Structure formats: C-alpha cells, structure tokens
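Student: As input, take upload-v8.txt (compact mmCIF, C-alpha atoms and all ligand atoms):
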# COMPACT_ATOMS: atom_id res chain seq x y z
CA MET A 1 0.00 0.00 0.00
CA HIS A 2 1.33 3.43 -0.88
CA ILE A 3 1.06 5.89 1.99
CA THR A 4 1.10 9.56 1.00
CA GLU A 5 3.68 11.40 3.08
CA LYS A 6 1.93 14.25 4.91
CA ASN A 7 4.61 16.81 4.08
CA GLU A 8 4.90 20.38 2.77
CA ALA A 9 3.97 19.38 -0.81
CA TYR A 10 0.92 17.42 0.33
CA TYR A 11 -0.48 20.23 2.46
CA ARG A 12 0.26 22.86 -0.23
CA ASP A 13 -1.48 20.75 -2.88
CA THR A 14 -4.53 20.08 -0.74
CA ALA A 15 -4.86 23.64 0.65
CA LEU A 16 -8.34 25.16 0.72
CA SER A 17 -8.99 27.79 -1.97
CA PRO A 18 -8.46 31.38 -0.73
CA ASP A 19 -11.98 32.34 -1.93
CA ILE A 20 -13.95 32.54 1.27
CA PRO A 21 -17.70 32.92 1.63
CA GLY A 22 -18.55 36.66 2.05
CA ASP A 23 -20.60 36.28 5.25
CA CYS A 24 -18.17 34.11 7.20
CA HIS A 25 -17.75 35.07 10.80
CA GLY A 26 -17.76 33.35 14.17
CA GLU A 27 -15.67 32.36 17.13
CA VAL A 28 -13.78 29.19 17.96
CA ALA A 29 -11.99 28.23 21.17
CA TRP A 30 -9.59 25.38 21.89
CA GLN A 31 -7.38 24.32 24.73
CA SER A 32 -4.24 22.35 24.10
CA PRO A 33 -1.69 20.93 26.51
CA SER A 34 2.05 21.07 26.85
CA ASN A 35 3.96 17.79 26.55
CA ILE A 36 7.04 16.31 28.16
CA ALA A 37 9.53 14.38 26.03
CA LEU A 38 10.75 11.00 27.25
CA VAL A 39 13.15 10.51 24.32
CA LYS A 40 14.32 14.05 23.60
CA TYR A 41 14.39 16.02 20.36
CA TRP A 42 17.59 18.05 20.41
CA GLY A 43 19.12 19.00 17.08
CA LYS A 44 17.31 19.81 13.84
CA HIS A 45 17.88 20.60 10.16
CA GLY A 46 15.98 21.99 7.17
CA VAL A 47 12.56 23.40 8.01
CA GLN A 48 12.05 22.09 11.51
CA LEU A 49 13.04 18.51 10.77
CA PRO A 50 14.33 16.56 13.75
CA ASN A 51 17.77 14.90 13.75
CA ASN A 52 16.32 12.02 15.74
CA PRO A 53 12.85 10.72 16.62
CA SER A 54 11.31 11.69 19.98
CA ILE A 55 8.46 10.36 22.12
CA SER A 56 6.50 12.42 24.63
CA PHE A 57 3.65 12.19 27.09
CA THR A 58 0.85 14.64 26.42
CA LEU A 59 0.06 16.57 29.61
CA LYS A 60 -3.30 17.72 30.92
CA GLN A 61 -3.31 20.58 33.42
CA ALA A 62 -0.52 22.65 31.86
CA HIS A 63 -2.33 23.98 28.81
CA THR A 64 -3.09 27.06 26.74
CA ALA A 65 -6.67 28.12 25.97
CA THR A 66 -7.03 30.19 22.81
CA ARG A 67 -10.15 31.92 21.56
CA ILE A 68 -10.28 33.25 17.99
CA GLY A 69 -12.99 35.54 16.63
CA TYR A 70 -13.01 35.72 12.83
CA ARG A 71 -14.68 37.76 10.09
CA PRO A 72 -13.89 38.91 6.56
CA LYS A 73 -11.02 41.42 6.53
CA ASP A 74 -11.69 45.01 5.48
CA GLY A 75 -9.18 46.21 2.87
CA ASP A 76 -5.93 47.29 4.53
CA GLU A 77 -6.75 46.61 8.18
CA PRO A 78 -4.12 44.48 9.98
CA GLY A 79 -4.86 40.76 9.84
CA PHE A 80 -5.23 40.15 13.57
CA THR A 81 -5.24 41.41 17.12
CA PHE A 82 -3.57 39.44 19.87
CA ALA A 83 -4.07 39.48 23.63
CA PHE A 84 -2.26 37.26 26.13
CA GLU A 85 -3.74 36.97 29.64
CA GLY A 86 -6.15 39.77 28.64
CA LYS A 87 -3.46 42.28 27.64
CA PRO A 88 -1.72 43.18 24.39
CA GLN A 89 1.73 41.53 24.26
CA PRO A 90 3.83 43.02 21.44
CA LEU A 91 6.50 40.29 21.59
CA PHE A 92 4.01 37.41 21.36
CA ALA A 93 2.03 39.34 18.73
CA GLN A 94 5.18 39.64 16.59
CA LYS A 95 5.89 35.91 16.98
CA THR A 96 2.30 35.15 16.01
CA ALA A 97 2.55 37.42 12.95
CA ASN A 98 5.71 35.59 11.80
CA TYR A 99 4.08 32.25 12.42
CA LEU A 100 0.87 33.12 10.52
CA ASN A 101 3.06 34.22 7.60
CA GLN A 102 4.75 30.84 7.62
CA LEU A 103 1.35 29.15 7.43
CA LEU A 104 0.21 31.03 4.30
CA PRO A 105 1.14 28.31 1.77
CA TYR A 106 -1.04 25.85 3.71
CA LEU A 107 -3.83 28.21 4.80
CA PRO A 108 -4.02 30.58 1.78
CA TRP A 109 -7.37 31.94 2.99
CA LEU A 110 -5.70 33.62 6.00
CA PRO A 111 -5.10 37.04 4.32
CA LYS A 112 -8.84 37.35 3.61
CA ILE A 113 -9.82 36.97 7.26
CA HIS A 114 -9.41 39.16 10.31
CA LEU A 115 -8.65 37.27 13.53
CA ASP A 116 -9.08 38.45 17.13
CA ILE A 117 -6.90 36.05 19.11
CA SER A 118 -6.86 35.89 22.89
CA SER A 119 -4.91 33.33 24.78
CA HIS A 120 -4.09 32.31 28.33
CA ASN A 121 -2.00 29.65 30.02
CA THR A 122 -2.96 27.63 33.09
CA PHE A 123 0.65 27.69 34.27
CA PRO A 124 2.74 30.72 35.17
CA HIS A 125 4.64 32.08 32.17
CA SER A 126 7.87 32.21 34.17
CA SER A 127 7.57 28.70 35.64
CA GLY A 128 10.00 27.30 33.09
CA ILE A 129 7.30 25.07 31.54
CA ALA A 130 7.60 25.26 27.77
CA SER A 131 4.59 27.18 26.53
CA SER A 132 5.37 27.01 22.82
CA ALA A 133 3.97 23.47 22.48
CA SER A 134 0.63 24.32 24.09
CA SER A 135 0.27 27.78 22.53
CA MET A 136 1.16 26.76 18.95
CA SER A 137 -1.07 23.69 19.07
CA ALA A 138 -4.03 25.58 20.59
CA LEU A 139 -3.71 28.24 17.88
CA VAL A 140 -3.61 25.75 15.00
CA MET A 141 -6.53 23.72 16.35
CA GLY A 142 -8.53 26.97 16.27
CA LEU A 143 -7.33 27.91 12.78
CA LEU A 144 -8.24 24.48 11.42
CA ASP A 145 -11.63 24.74 13.06
CA ILE A 146 -12.17 28.02 11.21
CA GLU A 147 -11.01 26.29 8.02
CA SER A 148 -13.64 23.59 8.58
CA ALA A 149 -16.32 26.28 8.89
CA LEU A 150 -15.10 28.01 5.71
CA SER A 151 -14.94 24.82 3.66
CA GLY A 152 -18.17 23.32 4.99
CA ASN A 153 -16.35 20.02 4.64
CA PRO A 154 -14.61 19.16 7.91
CA LEU A 155 -11.66 16.76 7.97
CA SER A 156 -11.91 13.49 9.86
CA ASP A 157 -10.59 13.61 13.43
CA ASP A 158 -7.38 11.83 12.38
CA GLU A 159 -6.78 14.14 9.42
CA PHE A 160 -7.56 17.19 11.52
CA ARG A 161 -5.03 16.27 14.22
CA THR A 162 -2.39 15.27 11.69
CA LYS A 163 -2.72 18.56 9.81
CA ALA A 164 -2.63 20.39 13.17
CA SER A 165 0.55 18.48 14.01
CA PHE A 166 2.12 19.48 10.68
CA LEU A 167 1.26 23.17 11.14
CA ALA A 168 2.26 23.22 14.82
CA ARG A 169 5.64 21.67 13.93
CA LEU A 170 6.44 24.68 11.75
CA GLY A 171 6.08 26.91 14.83
CA SER A 172 7.82 24.69 17.37
CA GLY A 173 8.98 21.13 16.72
CA SER A 174 7.79 19.74 20.03
CA ALA A 175 4.33 21.31 19.48
CA SER A 176 3.72 18.70 16.77
CA ARG A 177 3.44 16.10 19.56
CA SER A 178 0.81 17.92 21.69
CA VAL A 179 -2.20 17.20 19.45
CA PHE A 180 -2.51 13.49 20.20
CA PRO A 181 -3.86 11.89 23.37
CA PHE A 182 -1.53 10.36 25.97
CA ALA A 183 1.68 9.93 23.94
CA SER A 184 3.09 10.44 20.48
CA VAL A 185 6.23 10.00 18.44
CA TRP A 186 7.64 12.58 16.06
CA GLY A 187 10.48 11.80 13.66
CA ALA A 188 10.78 8.90 11.25
CA THR A 189 12.03 5.67 12.77
CA GLU A 190 11.87 2.12 11.43
CA ALA A 191 10.98 1.04 14.95
CA ILE A 192 7.53 2.63 14.64
CA PRO A 193 5.73 2.17 11.31
CA GLY A 194 3.69 5.30 10.53
CA SER A 195 6.20 7.66 12.16
CA SER A 196 7.23 10.67 10.08
CA GLN A 197 9.62 13.60 10.01
CA TYR A 198 6.75 15.98 9.17
CA VAL A 199 4.00 15.10 11.62
CA ALA A 200 3.69 13.32 14.94
CA PHE A 201 2.04 9.92 15.16
CA PRO A 202 -0.18 8.73 18.04
CA MET A 203 1.19 6.06 20.38
CA GLU A 204 -2.15 5.52 22.16
CA HIS A 205 -2.65 2.08 20.62
CA HIS A 206 0.96 1.05 21.15
CA MET A 207 1.17 1.40 24.91
CA ASN A 208 -0.07 -0.31 28.05
CA GLU A 209 -2.98 1.40 29.75
CA VAL A 210 -1.00 2.08 32.92
CA PHE A 211 0.78 4.92 31.10
CA THR A 212 -2.51 6.70 30.45
CA THR A 213 -2.80 7.02 34.26
CA PHE A 214 0.71 8.40 34.70
CA ARG A 215 1.19 11.46 36.87
CA ASP A 216 3.69 14.21 36.18
CA SER A 217 4.48 16.21 39.31
CA ILE A 218 6.56 19.15 38.17
CA LEU A 219 8.95 20.47 40.81
CA ILE A 220 9.72 24.13 40.17
CA ILE A 221 13.35 24.21 41.27
CA HIS A 222 13.88 27.62 39.75
CA ALA A 223 11.18 29.86 38.29
CA GLY A 224 12.35 32.05 35.47
CA THR A 225 12.82 32.14 31.75
CA LYS A 226 15.27 29.74 30.13
CA SER A 227 18.92 30.77 29.97
CA VAL A 228 19.29 29.12 26.55
CA SER A 229 16.45 29.23 24.03
CA SER A 230 15.62 25.93 22.34
CA ARG A 231 16.46 27.55 18.98
CA ALA A 232 20.01 28.26 20.22
CA GLY A 233 20.20 24.84 21.87
CA HIS A 234 19.28 22.95 18.68
CA GLN A 235 21.90 24.98 16.83
CA LEU A 236 24.61 24.05 19.33
CA MET A 237 24.19 20.41 18.28
CA GLU A 238 25.69 21.27 14.89
CA ASN A 239 29.17 21.37 16.41
CA ASN A 240 28.68 19.11 19.40
CA PRO A 241 31.45 16.45 19.32
CA PHE A 242 29.02 13.80 20.60
CA ALA A 243 26.22 14.54 18.12
CA ALA A 244 26.59 11.41 15.95
CA ALA A 245 26.68 9.10 18.98
CA ARG A 246 23.70 10.93 20.46
CA TYR A 247 21.51 10.45 17.38
CA GLN A 248 22.42 6.77 17.28
CA ASN A 249 21.62 6.35 20.96
CA ALA A 250 18.30 8.16 20.57
CA GLU A 251 17.29 5.50 17.99
CA THR A 252 18.24 2.76 20.45
CA ASN A 253 16.28 4.47 23.20
CA ILE A 254 13.22 4.79 20.94
CA ARG A 255 13.25 1.02 20.46
CA LEU A 256 13.72 0.36 24.17
CA LEU A 257 11.03 2.85 25.16
CA LYS A 258 8.58 1.52 22.58
CA ASP A 259 8.92 -1.97 24.11
CA ALA A 260 8.73 -0.60 27.64
CA LEU A 261 5.50 1.28 26.82
CA LEU A 262 3.93 -1.74 25.14
CA HIS A 263 4.79 -4.25 27.87
CA ALA A 264 4.65 -1.90 30.87
CA ASP A 265 8.28 -2.73 31.58
CA MET A 266 8.85 -0.18 34.35
CA ASP A 267 12.56 -0.86 34.83
CA GLN A 268 13.21 -0.25 31.16
CA PHE A 269 10.92 2.79 31.10
CA ILE A 270 12.82 4.31 34.02
CA ALA A 271 16.28 3.50 32.63
CA VAL A 272 15.54 5.09 29.24
CA THR A 273 13.67 8.12 30.59
CA GLU A 274 16.34 9.09 33.12
CA SER A 275 19.19 8.43 30.70
CA GLU A 276 17.52 10.67 28.09
CA ALA A 277 17.08 13.52 30.60
CA LEU A 278 20.73 13.34 31.66
CA GLN A 279 21.93 13.03 28.04
CA LEU A 280 20.07 16.21 27.10
CA HIS A 281 21.91 18.03 29.88
CA ALA A 282 25.22 16.34 29.04
CA LEU A 283 24.84 17.62 25.47
CA MET A 284 24.35 21.14 26.74
CA MET A 285 27.34 20.84 29.05
CA THR A 286 29.52 19.61 26.18
CA SER A 287 28.39 22.24 23.66
CA GLN A 288 30.49 25.27 22.83
CA PRO A 289 29.56 27.59 24.53
CA SER A 290 28.49 25.20 27.25
CA PHE A 291 25.46 25.51 29.52
CA ILE A 292 24.82 24.01 32.93
CA LEU A 293 21.07 24.20 33.27
CA MET A 294 20.65 22.06 36.37
CA GLN A 295 20.87 23.75 39.74
CA PRO A 296 22.50 22.17 42.82
CA ALA A 297 18.93 21.59 44.08
CA THR A 298 18.12 19.61 40.90
CA LEU A 299 20.92 17.14 41.67
CA ALA A 300 20.03 16.96 45.36
CA ALA A 301 16.41 16.16 44.50
CA ILE A 302 17.47 13.52 41.94
CA THR A 303 19.56 11.78 44.62
CA HIS A 304 16.47 11.60 46.88
CA ILE A 305 14.28 10.36 44.03
CA ARG A 306 16.62 7.48 43.23
CA ALA A 307 16.94 6.55 46.90
CA PHE A 308 13.14 6.65 47.37
CA ARG A 309 12.66 4.36 44.36
CA GLN A 310 15.17 1.88 45.67
CA GLU A 311 13.90 1.88 49.25
CA ARG A 312 10.19 1.81 48.48
CA GLY A 313 10.14 -0.21 45.24
CA ILE A 314 7.83 2.41 43.69
CA PRO A 315 8.34 2.97 39.93
CA LEU A 316 8.98 6.69 40.18
CA CYS A 317 11.45 8.37 37.87
CA PHE A 318 12.42 11.82 36.72
CA THR A 319 12.89 13.64 33.49
CA LEU A 320 14.12 17.16 32.78
CA ASP A 321 13.39 19.72 30.13
CA ALA A 322 16.06 22.19 29.01
CA GLY A 323 16.12 23.75 32.48
CA PRO A 324 16.47 22.95 36.18
CA ASN A 325 12.90 21.81 36.91
CA ILE A 326 12.11 18.15 37.56
CA HIS A 327 9.20 16.17 36.11
CA LEU A 328 8.39 13.25 38.43
CA LEU A 329 6.68 10.47 36.48
CA TYR A 330 4.80 7.61 38.17
CA PRO A 331 1.59 5.55 37.94
CA ALA A 332 -1.49 7.12 39.58
CA ALA A 333 -1.74 4.12 41.89
CA HIS A 334 1.27 5.50 43.81
CA GLN A 335 -0.03 9.02 44.06
CA GLU A 336 -0.48 9.11 47.80
CA ALA A 337 2.99 7.80 48.59
CA VAL A 338 4.66 10.13 46.09
CA LYS A 339 2.74 13.19 47.32
CA ALA A 340 3.87 12.44 50.88
CA PHE A 341 7.45 12.04 49.58
CA ILE A 342 7.22 15.40 47.78
CA SER A 343 6.00 17.27 50.82
CA GLU A 344 8.38 15.58 53.26
CA GLN A 345 11.58 15.49 51.21
CA LEU A 346 11.38 17.43 47.96
CA LEU A 347 9.55 20.66 48.76
CA GLN A 348 12.75 22.03 50.33
CA TYR A 349 14.25 22.11 46.82
CA CYS A 350 11.30 23.87 45.16
CA ALA A 351 11.35 27.64 44.66
CA ASP A 352 8.81 29.04 47.15
CA GLY A 353 7.62 25.46 47.64
CA GLN A 354 6.08 25.47 44.15
CA TRP A 355 5.14 22.30 42.28
CA ILE A 356 2.52 21.58 39.65
CA ASP A 357 0.35 18.51 39.93
CA ASP A 358 -0.06 17.36 36.35
CA GLU A 359 -0.83 14.08 34.61
CA VAL A 360 -0.96 12.43 31.21
CA GLY A 361 -4.01 13.66 29.33
CA GLY A 362 -6.29 13.22 26.33
CA GLY A 363 -4.92 16.04 24.17
CA PRO A 364 -6.58 19.22 22.89
CA SER A 365 -10.28 19.87 23.36
CA LYS A 366 -12.74 22.26 21.85
CA LEU A 367 -14.21 24.82 24.26
CA ASN A 368 -17.60 26.47 24.08
CA SER A 369 -17.40 29.56 21.95
O1 LIG B 401 10.21 22.40 20.20
P1 LIG B 401 11.41 23.13 20.63
O2 LIG B 401 12.18 23.69 19.47
O3 LIG B 401 11.10 24.15 21.70
O4 LIG B 401 12.44 22.08 21.29
C1 LIG B 401 12.12 21.29 22.41
C2 LIG B 401 13.32 20.65 22.98
C3 LIG B 401 13.12 19.90 24.27
O5 LIG B 401 12.00 20.37 24.98
C4 LIG B 401 14.36 20.09 25.15
C5 LIG B 401 12.99 18.40 24.03
C6 LIG B 401 11.68 17.92 23.46
O6 LIG B 401 11.73 16.93 22.71
O7 LIG B 401 10.62 18.47 23.77
Would you put the structure from the file into structure tokens?
Ligand code: PMV

Tutor:
Amino acid sequence: MHITEKNEAYYRDTALSPDIPGDCHGEVAWQSPSNIALVKYWGKHGVQLPNNPSISFTLKQAHTATRIGYRPKDGDEPGFTFAFEGKPQPLFAQKTANYLNQLLPYLPWLPKIHLDISSHNTFPHSSGIASSASSMSALVMGLLDIESALSGNPLSDDEFRTKASFLARLGSGSASRSVFPFASVWGATEAIPGSSQYVAFPMEHHMNEVFTTFRDSILIIHAGTKSVSSRAGHQLMENNPFAAARYQNAETNIRLLKDALLHADMDQFIAVTESEALQLHALMMTSQPSFILMQPATLAAITHIRAFRQERGIPLCFTLDAGPNIHLLYPAAHQEAVKAFISEQLLQYCADGQWIDDEVGGGPSKLNS
C-alpha cells in the first residue's frame, strides 16, 4: 500500500482555496496541553526537521486556551489582534505574525480573514514550563476549526489532528506532539511504522494502559525564563562532538522505550527516561559555549528520588526539560505515597515550595465559543 507522506507538498497541494464565503464570521476556542519528552528532540535541520525521533507524554493541566474571533477582513486593516492573559503583548504578537506568515502556503485563505486572538495559560509564564507546544497547538486547532467552517467540509478527526501536528511543527517542533492523546512519536524511525519527520504519530494504541494514568508532578526548582532558548540549543548540536553518537543512541532508546511502553516494563521505562534527561543536559554541558542548566537543588532532589525508588520499590522516575525543573513520572496508583514524599523530602528544593500537579491527558479539546 502506498502511503502519502503528509509533508509540505501534500499540504500545499490540498490547501483550501483562498476564496472565502462573504458572510463568514464566528468564534472558535480550543485548549491544548504542553507535553514532556521521554526521548528528547535536540538537534534539527531543514525546516524544523528533527535529527532524531522523539516520544512524549501529552500533559493535561498545563495547557493554553485560545479563543479566535473571525470575520472577513476590510481592505488594509491588519490581519489580527492578539491578547495574552487579557493584555496586548507586542512580543508574542510579533511571533504570532511571523508564524501566521509561515502558514500562508497551507492556509491561503488567511489574508482574507481578520482574527481576534486571545490566549491564556494555566501555568505561570515564568515557571519554566515550555509554553510554545501548548500555545502553537491551541492556535492551529482553532485555525483548522475556522477552516472547517469556511470549507463546509470538515476533515476526519485523524486528518484534523495530523494537519494540526504538521502546522504546529512549523512553529515549534515539540508542538507537533501535543495534538494526540496520551503519547506520540515525532520523527521517522523504522521502529515505529507510521512515524514521520513531518508530523507526529499517536502512540495511544501502542502502549499499556497504565501509562494513560501516569502522573507528572513538576517540581519548580527555579522559576524564570530559560537561559538558553531551544532555537540556540538545537543549533549548538551542529558542532557538538558527541552529536553522531547521540543520534544513534536516541534511535536505540526509541526502540527500548517503545517496548517498555507496550509491555509496561517499568525498569526499562525508568532507565531510558532518566538516561535521556541526563543526556540532554550532558549535550548542553559539552556544547560550545556550554550551559549548565541544572541547579544544585536539581541534583540533590534527583539523589532523593533514586533513593526513594530503591527503598520503596515504587516505579517513580524523573525527566528534565532544558532547564532545572524536575518532572516526576509515576503511575497514579502510587499518588499518595509520592505526594507524601514530595512534601516531606522534595519541597525544600522547590522555589517558594512550588510544584505543579499534572498528569498524562487526552490532548486538545474544543471549548464552548
Ligand atoms: O520544540 P522546541 O524547538 O522548543 O524544542 C524542544 C526541545 C526539548 O524540549 C528540550 C525536548 C523535546 O523533545 O521536547
């Protein structure tokens, strides 16, 4: 069977005609979550193509809600207004303008429409939780919903999410993974038939149910914006002396994690997840210039986490994003024990005692407009 690759050419060729119905107007609203990578994407080429495949859990509580009012555009008026947390935000507005421009080949009707976009996050902007995945994916879910209204011929749920994943990827690679429930893979790998460089692919049917109950308790070790942007970080991989070995190991870890997810092999899940987190940081430490993004408190907390796992036999592990904060991953069945552990032993390492009680979730959802 020939499978059409859902790439730039496909979405340009199948784009909706820019001729929009004269009376089109309305409002759509979507919320979309952040995600946390288990096998990390770090290093890219071309137009947002990953140098290795990645797998993430889709989160639930940490999300962006975006409301978009739309109507035909009057002559020369600007194409959109943008408010974040109820206020104009020139920096985000500029980013959105650049992003909408990038989408024009795939959404050629955009210049005919005026958009009033307002967005808010459920997590503090400065908490160090990546907001690009949730904000890009919430925005594209809304745009595709408007496209459905304009065309009068909505895509199937699968096609809708896959197109959203493609468009979100152009804004932020990891955002491509937020549109699917529970977990997804992005980046072509022979280990997972259906995986692609251009869009993420759902892992829901390739994993044991226990992972759909997983909790992610996010310890805010240090609140603040990132000291290295992911754009700069990806670029640093171009001259990293360990890059080739890293990409090879990421492939190995994809295979190991795929099996661990399918068979609920907790030891393997933990080994891969923690190794990936530490590799990401090792890559940053060995880049030129180098970055140490963990704080002393990150390492102290990790030591406690490993000791707790060993002493209690509870399958609790950690992962890290490109920053000092710790994501504690564990099955919901152990929630009570882990929460007691957090308050007794880990809160001392959290900035102002802050942590976010998140979990694996079902992906974006449409809100009442
Ligand atoms: O999507 P970006 O360009 O912000 O890169 C994300 C990179 C990591 O969060 C560190 C890893 C990942 O796979 O999400």

Student: Show me the residues around (15.5, 5.9, 14.3) - criterion: an atom at most 12 Å away, only C-alpha atoms counted - as a PyMOL selection string.

Tutor: chain A and resi 39+41+50-55+185-193+195-197+246-256+258

Student: Pull C-alpha atoms from the residues just selected and write them as a PDB file, in the frame of the given file.

Tutor:
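Done, and the output landed in selection_34.pdb:
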ATOM      1  CA  VAL A  39      13.150  10.510  24.320  1.00  0.00           C
ATOM      2  CA  TYR A  41      14.390  16.020  20.360  1.00  0.00           C
ATOM      3  CA  PRO A  50      14.330  16.560  13.750  1.00  0.00           C
ATOM      4  CA  ASN A  51      17.770  14.900  13.750  1.00  0.00           C
ATOM      5  CA  ASN A  52      16.320  12.020  15.740  1.00  0.00           C
ATOM      6  CA  PRO A  53      12.850  10.720  16.620  1.00  0.00           C
ATOM      7  CA  SER A  54      11.310  11.690  19.980  1.00  0.00           C
ATOM      8  CA  ILE A  55       8.460  10.360  22.120  1.00  0.00           C
ATOM      9  CA  VAL A 185       6.230  10.000  18.440  1.00  0.00           C
ATOM     10  CA  TRP A 186       7.640  12.580  16.060  1.00  0.00           C
ATOM     11  CA  GLY A 187      10.480  11.800  13.660  1.00  0.00           C
ATOM     12  CA  ALA A 188      10.780   8.900  11.250  1.00  0.00           C
ATOM     13  CA  THR A 189      12.030   5.670  12.770  1.00  0.00           C
ATOM     14  CA  GLU A 190      11.870   2.120  11.430  1.00  0.00           C
ATOM     15  CA  ALA A 191      10.980   1.040  14.950  1.00  0.00           C
ATOM     16  CA  ILE A 192       7.530   2.630  14.640  1.00  0.00           C
ATOM     17  CA  PRO A 193       5.730   2.170  11.310  1.00  0.00           C
ATOM     18  CA  SER A 195       6.200   7.660  12.160  1.00  0.00           C
ATOM     19  CA  SER A 196       7.230  10.670  10.080  1.00  0.00           C
ATOM     20  CA  GLN A 197       9.620  13.600  10.010  1.00  0.00           C
ATOM     21  CA  ARG A 246      23.700  10.930  20.460  1.00  0.00           C
ATOM     22  CA  TYR A 247      21.510  10.450  17.380  1.00  0.00           C
ATOM     23  CA  GLN A 248      22.420   6.770  17.280  1.00  0.00           C
ATOM     24  CA  ASN A 249      21.620   6.350  20.960  1.00  0.00           C
ATOM     25  CA  ALA A 250      18.300   8.160  20.570  1.00  0.00           C
ATOM     26  CA  GLU A 251      17.290   5.500  17.990  1.00  0.00           C
ATOM     27  CA  THR A 252      18.240   2.760  20.450  1.00  0.00           C
ATOM     28  CA  ASN A 253      16.280   4.470  23.200  1.00  0.00           C
ATOM     29  CA  ILE A 254      13.220   4.790  20.940  1.00  0.00           C
ATOM     30  CA  ARG A 255      13.250   1.020  20.460  1.00  0.00           C
ATOM     31  CA  LEU A 256      13.720   0.360  24.170  1.00  0.00           C
ATOM     32  CA  LYS A 258       8.580   1.520  22.580  1.00  0.00           C
TER      33      LYS A 258
END

Student: Using only C-alpha atoms and all ligand atoms, find each residue in chain A having at least one atom no more than 8 Å away from ligand LIG 401 (chain B); report its shortest atom-to-atom pair and that distance in Å (one decimal), rows by chain then rising number, as a tab-separated table.

Tutor:
residue	atom	partner	partner_atom	distance
A:Asn35	CA	B:LIG401	O7	7.2
A:Ile36	CA	B:LIG401	O7	6.1
A:Ala37	CA	B:LIG401	O6	4.7
A:Leu38	CA	B:LIG401	O6	7.5
A:Val39	CA	B:LIG401	O6	6.8
A:Lys40	CA	B:LIG401	O6	4.0
A:Tyr41	CA	B:LIG401	O6	3.7
A:Trp42	CA	B:LIG401	C2	5.6
A:Ser54	CA	B:LIG401	O6	5.9
A:Ile55	CA	B:LIG401	O6	7.4
A:Ser56	CA	B:LIG401	O6	7.2
A:Ala130	CA	B:LIG401	O3	7.1
A:Ser132	CA	B:LIG401	O3	6.5
A:Ala133	CA	B:LIG401	O1	6.7
A:Arg169	CA	B:LIG401	O1	7.8
A:Ser172	CA	B:LIG401	O1	4.4
A:Gly173	CA	B:LIG401	O1	3.9
A:Ser174	CA	B:LIG401	O1	3.6
A:Ala175	CA	B:LIG401	O1	6.0
A:Ser229	CA	B:LIG401	O3	7.7
A:Ser230	CA	B:LIG401	O3	4.9
A:Arg231	CA	B:LIG401	O2	5.8
A:His234	CA	B:LIG401	O2	7.2
A:Leu280	CA	B:LIG401	C4	7.2
A:Asp321	CA	B:LIG401	C4	5.1
A:Ala322	CA	B:LIG401	C4	4.7

Student: Which residues, written as a ChimeraX atom specification, have at least one atom at most 9 Å from A:Lys6, with all atoms listed in the file counted and residues fewer than 6 positions away on the same chain left out?

Tutor: /A:162-163,166,196,198-199

Student: May I ask which of the residues A:His114, A:His120, A:Arg215, A:Lys366 is the closest one to A:Thr81, counting only C-alpha atoms?

Tutor: A:His114

Student: Determine the nearest neighbour of A:Ser134 from the options A:Ala149, A:Ala62, A:Leu103, A:Ala183, counting only C-alpha atoms.

Tutor: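 Of A:Ala149, A:Ala62, A:Leu103, A:Ala183, the one nearest A:Ser134, counting only C-alpha atoms, is A:Ala62.
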